[in-house]
Every structure is written in C-alpha cells, then in structure tokens.
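Q: Input: one structure, supplied below.
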Amino acid sequence: MKYHQQWQARAIRPEGASDWFAAEVPGNVQHDYGHMMGWGDINIAENVTKFRETEGYTWEYRALLDYHAAADQHAVLVFEGVDYRYDVLIDGETRLEYEGMFSRTEIPLDNNAGSELIVRIHPHPKRETAEFEDRQQADQCVKPPVCYEWDWHPRMLVSGIWQDAYVQTRTDGYIARCEPFYTLSDDFSRAEIRFEVDCAEPVEITLYDPDGQIVGTGSRHTLVNPRLWWCNGQGEPALYTYTASTETHQVSGQIGLRRVRLVMNDGAWAEPFAFPKGRSVAPIQLELNGRRVFAKGSNWVNPDIYNGRIDEARYEALITLARDANMNIFRCWGGSGVNKRAFYDLCDRLGIMVWVEFPLACNNYVGTPHYLRVLEQEATAILLALRSHPSVVMYCGGNELFNNWSLMTDQSLALRLLNKLCYDLDRDRPYIMTSPVFGMGHGGYTFYDPDAKKDVFQLFQGSSCTAYTEFGVPGTSDIEDLKASIPGDELFPIRNMGSWRLHHAFGAWGAERWLCMDVLNMYAQEPLDSLEKVVAQATWLQCEGYKAVFEEARRQAPYCSMAINWCYCEPWITAAGNSLITYPVKAKPAYYAVQTALRPVMASARIPRFDWRAGERFSAELWMLNDTHKAAQMTVRASIVLAGVEYPLLTWESGEACENRIGPTINWVLPDVDATEFTLRLQAGDATSEYRLCYRRSETYAVTRQMNV
C-alpha cells in the first residue's frame with residue numbers, strides 16, 4: 001500500500017530560513033515559494049526574473065511520516081525523482097546523499113511512523129569556470145540545461161520533488177519488477193514472449209490480447225500471427241496487456257510487438273562518396289515492422305517551466321493533438337530531459353513514435369570521472385524505465401553536439417558511454433550519437449533568410465537532406481495571450497525591451513527574433529500599425545511557411561525520411577516563437593496548417609516562392625503525396641482565387657500509386673488587379689489544399705490608381 005505524505009518546504013537563504021510553506025509533491029519548490037512570497041504568475045510581465053535571487057538557495061522539504069505497517073510487512077520510502085542533488089534525513093540522521101533526478105531511490109524504514117523526514121535539496125549545479133551564465137553552467141551535471149536559459153525559455157532554475165514520493169508497505173509477495181521481453185520471427189508470423197520477475201514468492205502471470213481475451217498464463221508464451229504495434233497512420237497501435245500477481249500484490253503492464261530498425265536512406269549509397277572511400281551519410285530511415293515509414297512530427301520540449309507540475313491530463317491533451325494532426329513521431333529534445341511515465345504510456349496507446357535524447361544539448365560535456373559516474377547512473381535508469389515502451393523507437397546522445405560550439409566528437413567519452421549503455425541494456429533499438437549527423441539538417445528557423453536572400457519555399461526546395469529534424473517558422477501568440485503576458489503600457493507600439501524581449505520577441509541569438517518585424521514588414525503592403533495587424537501578418541507567414549517545408553520534405557522522399565519541425569509545445573507564454581501549440585495547450589493557426597500538410601494522402605503544390613507580382617508567370621508543380629503504402633488516386637482540380645474571382649486552370653488525373661507522384665505544372669500569367677494576396681486552390685474530392693500567397697500590383701497599376709484617386 002502507498003502512503004502519500006503532507007509536505008511543507010522552506011528556503012535556506014543567506015539572511016536566514018524562510019517560514020515553512022505548503023508544498024506540492026510532485027511539484028517544484030520554486031513554484032510554492034513564489035506563491036508564498038506573492039510574486040505572481042511567472043507568465044505575466046517580468047515576474048520570472050524575481051526568481052534569480054533564489055538560485056543559490058538550499059531548500060528543505062519536511063513531513064511527519066504517516067503510514068501503517070502490519071507485522072508481516074516492511075516499509076520503504078520511495079522517491080521516483082528528485083531534482084537535483086539532495087540528502088534525505090530521518091530524525092536528523094542522514095540516510096541518503098544523492099545526485100541525479102532521473103533515478104528512483106528507496107530507503108528502508110524501521111516501521112516507526114511519526115518520524116520527521118527532511119529532504120534537503122542543494123543549490124543548482126553550476127560549473128564555476130563557465131564563461132557565461134547560460135547552459136555552459138550545466139555541462140558537468142545531468143540536469144537538463146534548458147532552465148539555464150534558451151531562446152524560447154527564460155532563465156528559471158527549478159528543483160524539488162518533481163516525481164511521486166511515498167511510503168510503501170510491502171510483504172514478501174511484493175513484485176519489484178515484472179518486465180516482458182520478446183522476439184519476432186523474420187516474417188512476423190510468430191512472437192516468443194518471456195517475462196523476467198523479481199519477487200521472493202511465486203508469481204502468476206496472465207497475458208491478454210488487444211481485445212482483452214486471455215492468451216495464456218505463465219512466464220513464456222508463443223503467439224502465432226501476433227497483432228503488431230504500428231505508429232499513427234500505418235496501422236493499429238496494438239497492445240497486449242498482462243497482470244502479474246501474488247497473494248498480496250499485483251502489477252500490470254502492456255506489450256507492443258514491433259521491430260524497429262534504422263537503415264540507409266534510399267539512394268544514399270549511390271552518392272559520390274565512393275572515393276576517397278570515406279564516410280557516407282548516416283542511416284536515418286526508420287523501418288517499422290519491415291516497412292519504411294516517413295517520420296512526420298515535431299520536436300517535443302518541456303511543456304512547463306515547472307516540470308514537476310505536468311500531469312497526465314496535460315500530456316494527454318498535447319499528445320492527442322499530435323495524433324489528430326497526422327503526426328507519427330516526437331523527437332524529445334535532449335535539452336529538456338526525459339518525461340514522466342505517463343507521457344510514454346500515452347504515446348504507446350496513441351501510436352506516436354518517440355525519439356529519446358539523453359539530457360545533453362549544445363555543450364561540450366567533458367568526460368570527467370564525476371560526470372561520467374553520474375551520467376552512467378542516470379542513463380541506466382532512463383534506459384531501464386523506457387525499454388519496455390513500444391513507442392520508443394530510437395535513442396540519441398543529445399542535441400547538436402558535433403559542431404563548433406559544442407566541440408564534441410564520436411570519440412567523446414560521454415557519447416561512447418551512452419552508446420555502450422544502449423547496446424548493453426537495449427541492443428535492438430537504434431542509437432545515434434547526436435542530431436544532426438552527416439546528411440541530416442537543422443534549420444532554418446525563419447520565414448526569410450537575409451543572408452541567403454531566400455524565403456522558406458526557396459531554401460528547402462534547394463536543399464537535399466536525409467532528414468529535416470529541426471526547422472521552424474516563427475509566429476506570435478494570439479492577442480489574448482499577448483495581453484495576458486505583456487503589460488498594457490508595453491503592448492503597442494512594440495519595442496525591443498521589457499516584456500517583449502523577455503518573452504522572446506527579440507534577442508534570440510542576438511538578433512531581432514522571434515518576432516522578425518523586418519520580415520513582416522517586407523511582405524506587408526500597408527503599415528503594420530496595430531497589434532492585430534502584426535499578429536495577422538506573423539500568423540499568415542507561419543502557416544504558409546510550415547506547409548511549404550512539411551510538404552517539400554515529403555516530396556523529397558524516399559531519400560528524405562523525416563520532417564520534424566522546431567517545435568511542438570512551449571513551457572510558458574511566449575510573445576513569438578516557432579511552436580505549434582502555445583502554453584499550456586492552445587493550438588495556433590499554424591497547427592491546423594500543419595495538420596493539412598500531413599494528411600496521409602493529399603494533393604500538394606511545389607510553389608517556387610511566396611512573393612509574386614502582377615504580370616509574372618506563376619508556376620507550380622502538382623503532386624499527389626502518399627505515405628500510407630496503399631494505392632491511391634485522385635482527381636485534382638487546380639484554380640487560383642484572385643480579387644474575389646476564381647480562375648479554373650487545369651484538371652489532373654493522378655492515376656493509382658502507392659507512393660508520391662508528380663503531375664503537371666501550372667503556368668499562368670497573373671493579371672494586374674487590385675489585390676495584396678491570392679490563393680492557389682487544389683480540390684481533390686472533398687479535400688482541399690490551399691496556398692495563400694503574396695501578390696503585388698504592378699508599378700503601372702499603382703501609379704494609375706493614385707492618379708484616378
């Protein structure tokens with residue numbers, strides 16, 4: 001039986017300890033302290049900056065242990081995860097000293113309730129020789145670096161009992177572990193399942209099929225023609241369930257039967273890398289149950305600054321939106337660490353593949369003995385916790401480690417250690433050292449690149465990557481959120497200062513990102529003289545930009561195997577950024593644009609650029625995109641809507657195909673009319689694909705119109 005405790009906490013500050021205050025567990029102590037201090041919602045204005053003074057504090061949680069253990073039971077104090085370095089004291093005696101937030105720890109109790117429990121959390125780890133107060137401070141710990149500040153996350157260092165904590169009473173019949181393992185025959189016609197169990201007494205195991213019917217009992221099972229686990233859009237995410245029981249304890253779990261491999265992309269071996277016989281592009285094509293699957297999805301980041309307060313309901317709302325957007329994968333970005341178990345359980349059920357990165361990002365994690373010891377401990381805990389989830393399809397050492405700011409290589413001890421652990425503990429799941437590796441692409445992140453002098457349409461049509469695992473187009477939050485987070489006297493005109501800057505409208509990478517007012521003005525044909533106009537312009541570009549990249553990546557299959565945008569969610573209310581979902585769970589218009597761009601079978605147009613002028617010959621290639629592996633065909637009717645008039649252009653019969661198919665090219669001279677935009681519309685049955693593009697009147701028209709006025 002589990003006994004949850006009543007918790008309080010306090011801050012040990014230079015000027016003395018604070019009063020004790022009520023504390024949430026799971027939760028983050030900074031949230032509870034801020035509530036006690038009356039500091040307000042960190043999403044509003046500059047409230048988050050008030051917490052800078054707490055970075056050097058020591059924190060203490062306390063509880064009077066309340067539980068009952070019978071004569072045949074023993075009690076254990078369990079911490080599922082504490083962030084980050086902590087001591088546990090019972091009646092003043094130190095019972096545990098620990099570093100690491102992803103490991104479960106247990107402390108035997110002497111069955112005497114009423115003892116005082118103290119959990120002392122030390123100040124946040126910071127490498128003293130770090131050059132800047134940023135993520136570098138986290139390069140000798142296994143604490144996710146995102147809270148040290150990122151271009152979409154404020155500096156807000158959190159800690160606390162972020163996972164569940166409780167006293168558990170156990171008998172000899174307690175099942176400490178029941179873990180399934182399986183092998184599939186080459187043709188998937190048979191599955192051999194076995195269970196490993198840690199228990200002092202005999203355990204009875206019952207296996208059920210995905211419909212809830214009993215398959216059999218015992219620790220070994222042979223299934224003929226098993227139902228396989230498939231990702232969203234490829235089939236059913238079939239899950240077998242099991243129960244393991246003794247007279248006094250029962251546990252249950254799920255099994256998803258599938259085989260996943262990372263194989264070379266189509267055409268990769270044919271590239272001109274034969275001489276001087278060097279390295280080819282790295283394999284990044286996911287093969288699920290023998291079928292090559294185009295991975296389409298988003299980069300998952302921590303959906304709350306207070307990671308301890310994220311619950312199953314929040315996970316479910318966010319993951320369901322991803323499924324409904326036709327996504328089939330999350331790249332769980334390493335800078336945010338790993339998620340609570342509910343996240344992976346939900347991905348199992350909803351058919352979302354998960355790319356798991358270890359908590360390394362954009363740093364040189366030098367392999368000192370202390371760092372490697374903690375990394376091995378924490379990575380082992382992560383692997384043991386995740387390896388039974390069918391949704392977890394690959395591991396990655398961390399984010400952007402092979403470059404001139406991280407300076408790591410495949411000889412770095414931390415990455416060699418992670419490779420070894422993945423092999424030893426979960427050999428059959430793919431592992432890559434970092435993202436990106438040779439052949440893959442990260443970026444760009446704006447609608448227009450001033451250095452290349454190209455928009456997002458042109459950039460990606462001129463690119464050829466095996467996978468696009470980060471790319472983004474920024475947009476603003478909606479008017480409601482901007483008014484909630486930016487004080488009224490700062491709202492408009494927009495300035496590069498105060499809350500606008502703190503909430504990421506300006507300053508990312510030292511540039512005027514993520515609002516990109518220069519780009520918004522480039523395509524505006526009237527002054528952006530209100531907040532509403534700025535938001536509308538940014539939303540337009542974000543929607544069309546994301547559609548352009550996702551559809552172009554799909555057109556580049558089978559050499560391209562992934563399209564995973566930066567990013568999916570966000571941890572607080574941003575003024576501007578690349579996310580599809582704003583905090584906490586609000587879909588942007590760009591989410592719905594991406595939803596249309598990821599339909600399994602759809603009519604698509606390859607449009608050379610976004611900006612067009614009257615008198616130019618507009619062109620666009622028609623495509624049928626199909627990533628279902630089932631034959632499809634469609635009748636596509638293309639038209640242009642300009643100044644309220646729809647101009648039919650052509651009809652294309654795609655013919656039946658199991659893959660992408662290219663069709664005819666539209667060529668149409670744009671007439672000179674009074675308009676600032678036009679829409680290319682593709683009608684295929686009841687489904688419509690629309691592309692809203694920039695239109696500029698000719699200079700002659702503008703002069704004539706001004707003379708007439």
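Chains: A, B, ... in order of the structure tokens. Residues: from 1 per chain. Ligands: from 1, in order shown.
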For Val437 of chain A, find every residue with an atom within 9 Å (counting only C-alpha atoms), except residues of its own chain fewer than 3 positions away, and show them as a ChimeraX atom specification.
A: /A:281-282,400,402,432-434,440-441
Q: What are the nearest atom pairs, with distances in Å to one decimal, for all residues of segment 202-320 of chain A that come at most 12 Å from segment 41-47 of chain A, using only C-alpha atoms, set out by chain and rising residue number as a Markdown table?
A:
```
| residue | atom | partner | partner_atom | distance |
| --- | --- | --- | --- | --- |
| A:Asp304 | CA | A:Asn43 | CA | 10.6 |
| A:Ile305 | CA | A:Ile42 | CA | 9.2 |
| A:Tyr306 | CA | A:Ile42 | CA | 10.2 |
```
Q: As a PyMOL selection string, please: every residue in segment 451-614 of chain A that a backbone DSSP assignment puts in strand (DSSP E).
A: chain A and resi 454-455+467-470+475-476+562-565+576-577+581-582+586-587+601-606+611-613
Q: Give me, as an NGL selection string, all polymer residues having an atom no more than 9 Å from Thr596 of chain A, counting only C-alpha atoms and skipping those fewer than 5 positions away in the same chain.
A: :A and (325-326 or 547 or 591 or 602 or 688-689)
Q: Those same residues, written as a PDB file, in the first residue's frame with N, CA and C atoms?
A:
```
ATOM      1  N   ALA A 325      -3.213  15.659 -35.657  1.00  0.00           N
ATOM      2  CA  ALA A 325      -2.547  16.433 -36.702  1.00  0.00           C
ATOM      3  C   ALA A 325      -1.817  15.536 -37.694  1.00  0.00           C
ATOM      4  N   ASN A 326      -2.087  14.226 -37.645  1.00  0.00           N
ATOM      5  CA  ASN A 326      -1.483  13.246 -38.549  1.00  0.00           C
ATOM      6  C   ASN A 326       0.012  13.052 -38.293  1.00  0.00           C
ATOM      7  N   LYS A 547       3.581  24.851 -43.951  1.00  0.00           N
ATOM      8  CA  LYS A 547       3.053  23.983 -45.006  1.00  0.00           C
ATOM      9  C   LYS A 547       4.103  23.746 -46.087  1.00  0.00           C
ATOM     10  N   TYR A 591      -0.817  25.172 -36.288  1.00  0.00           N
ATOM     11  CA  TYR A 591      -1.078  23.760 -36.012  1.00  0.00           C
ATOM     12  C   TYR A 591      -2.029  23.190 -37.067  1.00  0.00           C
ATOM     13  N   MET A 602      -2.755  13.345 -50.130  1.00  0.00           N
ATOM     14  CA  MET A 602      -3.211  14.711 -50.368  1.00  0.00           C
ATOM     15  C   MET A 602      -2.660  15.245 -51.687  1.00  0.00           C
ATOM     16  N   THR A 688      -9.408  19.785 -49.706  1.00  0.00           N
ATOM     17  CA  THR A 688      -8.869  20.975 -50.350  1.00  0.00           C
ATOM     18  C   THR A 688      -7.489  21.283 -49.792  1.00  0.00           C
ATOM     19  N   SER A 689      -6.579  21.647 -50.690  1.00  0.00           N
ATOM     20  CA  SER A 689      -5.277  22.183 -50.297  1.00  0.00           C
ATOM     21  C   SER A 689      -5.215  23.613 -50.811  1.00  0.00           C
TER      22      SER A 689
END
```
Q: Of the residues A:Phe457, A:Tyr583, A:Tyr445, A:Phe181, which is the one nearest to Trp514 of chain A, using only C-alpha atoms?
A: A:Tyr445
Q: What parts of segment 442-600 of chain A does DSSP call helix (DSSP H, G or I)? I'd like the answer as JSON, numbers by chain.
A: {"A": [456, 457, 458, 459, 460, 461, 479, 480, 481, 482, 483, 484, 485, 498, 499, 500, 501, 502, 508, 509, 510, 517, 518, 519, 520, 521, 522, 523, 531, 532, 533, 534, 535, 536, 537, 538, 539, 540, 541, 542, 543, 544, 545, 546, 547, 548, 549, 550, 551, 552, 553, 554, 555, 589, 590, 591, 592, 593, 594, 595, 596, 597]}
Q: Which residues are close to Gly40 of chain A, i.e. within 12 Å by only C-alpha atoms, leaving aside same-chain residues fewer than 3 positions away? Reply as a ChimeraX atom specification.
A: /A:30-37,43-51,485
Q: Expressed in Å to a single decimal, how great is the separation between atom CA of Glu621 of chain A and atom CA of Ala557 of chain A?
A: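 These atoms are spaced 16.0 Å apart.
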Q: I'd like the interatomic distance between atom CA of Glu99 of chain A and atom CA of Asp164 of chain A, to a tenth of an Å.
A: 17.1 Å
Q: For atom CA of Gly297 of chain A and atom CA of Trp152 of chain A, quote the distance in Å rounded to one decimal.
A: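 Interatomic distance here is 19.3 Å.
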Q: May I ask which of the residues A:Pro154, A:Pro436, A:Gly173, A:Pro527 is the closest one to Leu502 of chain A, counting only C-alpha atoms?
A: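 Distance minimum relative to Leu502 of chain A lands on A:Pro154.
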Q: Find the residue from A:Val585, A:Cys465, A:Cys396, A:Gln73 that sits nearest to Arg314 of chain A; use only C-alpha atoms when measuring.
A: A:Val585
Q: Excluding Asn660 of chain A and its own-chain neighbours fewer than 6 positions away, which residues fall within 10 Å of it when counting only C-alpha atoms? Please give them as a PyMOL selection string.
A: chain A and resi 554-558+601-603+623-627+629+632
Q: Keeping C-alpha atoms, export the residues of the selection given above as a compact mmCIF listing (two decimals), in the first residue's frame.
A:
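Final output, out08.txt:
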```txt
# COMPACT_ATOMS: atom_id res chain seq x y z
CA ARG A 554 7.56 14.74 -48.10
CA ARG A 555 8.13 15.36 -51.81
CA GLN A 556 11.83 14.62 -51.30
CA ALA A 557 11.06 11.08 -50.07
CA PRO A 558 12.32 8.38 -50.26
CA VAL A 601 -2.87 11.22 -48.98
CA MET A 602 -3.21 14.71 -50.37
CA ALA A 603 -2.86 17.00 -53.34
CA TRP A 623 1.87 16.37 -56.69
CA MET A 624 -0.03 13.58 -55.05
CA LEU A 625 1.59 12.79 -51.70
CA ASN A 626 1.00 9.31 -50.31
CA ASP A 627 2.82 7.83 -47.31
CA HIS A 629 1.86 2.30 -48.57
CA ALA A 632 -4.45 5.81 -54.00
```
Q: Using only C-alpha atoms, determine which residues lie at most 10 Å from Tyr448 of chain A, disregarding the query and same-chain residues fewer than 2 positions distant; provide the list as a PDB file with C-alpha atoms, in the first residue's frame.
A:
```pdb
ATOM      1  CA  GLY A 444      16.381  27.270 -40.939  1.00  0.00           C
ATOM      2  CA  TYR A 445      14.145  28.841 -38.340  1.00  0.00           C
ATOM      3  CA  THR A 446      12.676  31.932 -40.016  1.00  0.00           C
ATOM      4  CA  PRO A 450      18.530  37.592 -45.130  1.00  0.00           C
ATOM      5  CA  ASP A 451      21.955  36.042 -45.724  1.00  0.00           C
ATOM      6  CA  ALA A 452      20.788  33.684 -48.448  1.00  0.00           C
ATOM      7  CA  LYS A 453      18.184  36.219 -49.625  1.00  0.00           C
ATOM      8  CA  LYS A 454      15.671  33.393 -49.960  1.00  0.00           C
ATOM      9  CA  ASP A 455      12.317  32.605 -48.426  1.00  0.00           C
ATOM     10  CA  VAL A 456      11.468  29.277 -46.837  1.00  0.00           C
ATOM     11  CA  PHE A 457       9.988  27.949 -50.111  1.00  0.00           C
ATOM     12  CA  GLN A 458      13.253  28.563 -51.956  1.00  0.00           C
ATOM     13  CA  LEU A 459      15.554  27.366 -49.166  1.00  0.00           C
ATOM     14  CA  VAL A 473       8.874  29.397 -38.911  1.00  0.00           C
ATOM     15  CA  CYS A 516      11.111  39.236 -37.105  1.00  0.00           C
ATOM     16  CA  ASP A 518      11.828  43.205 -40.664  1.00  0.00           C
ATOM     17  CA  VAL A 519      10.404  40.126 -42.396  1.00  0.00           C
ATOM     18  CA  LEU A 520       6.809  41.007 -41.517  1.00  0.00           C
ATOM     19  CA  MET A 522       8.949  43.047 -46.097  1.00  0.00           C
ATOM     20  CA  LEU A 541       3.723  33.644 -42.744  1.00  0.00           C
ATOM     21  CA  GLY A 545       5.924  28.584 -44.205  1.00  0.00           C
TER      22      GLY A 545
END
```
Q: Can you tell me which residues surround Ala553 of chain A at a distance of at most 9 Å, considering only C-alpha atoms, apart from same-chain residues fewer than 6 positions away, and format the answer as a VMD selection string?
A: chain A and resid 460 to 461 464 to 465 467 to 468 560 to 563
Q: Which is closer to Phe79 of chain A than all the others in A:Pro283, A:Pro210, A:Gly290, A:Gly160, using only C-alpha atoms?
A: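 Using only C-alpha atoms, the shortest distance to Phe79 of chain A belongs to A:Gly160.
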Q: Would you mind telling me which residue in A:His4, A:Gln633, A:Gly235, A:Tyr568 lies nearest to Leu321 of chain A when using only C-alpha atoms?
A: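 Among A:His4, A:Gln633, A:Gly235, A:Tyr568, it is A:Tyr568 that comes nearest to Leu321 of chain A.
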Q: For Val146 of chain A, which of A:Ala536, A:Met101, A:Ala22, A:Val158 is the closest residue, counting only C-alpha atoms?
A: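 Smallest distance to Val146 of chain A is found for A:Val158.
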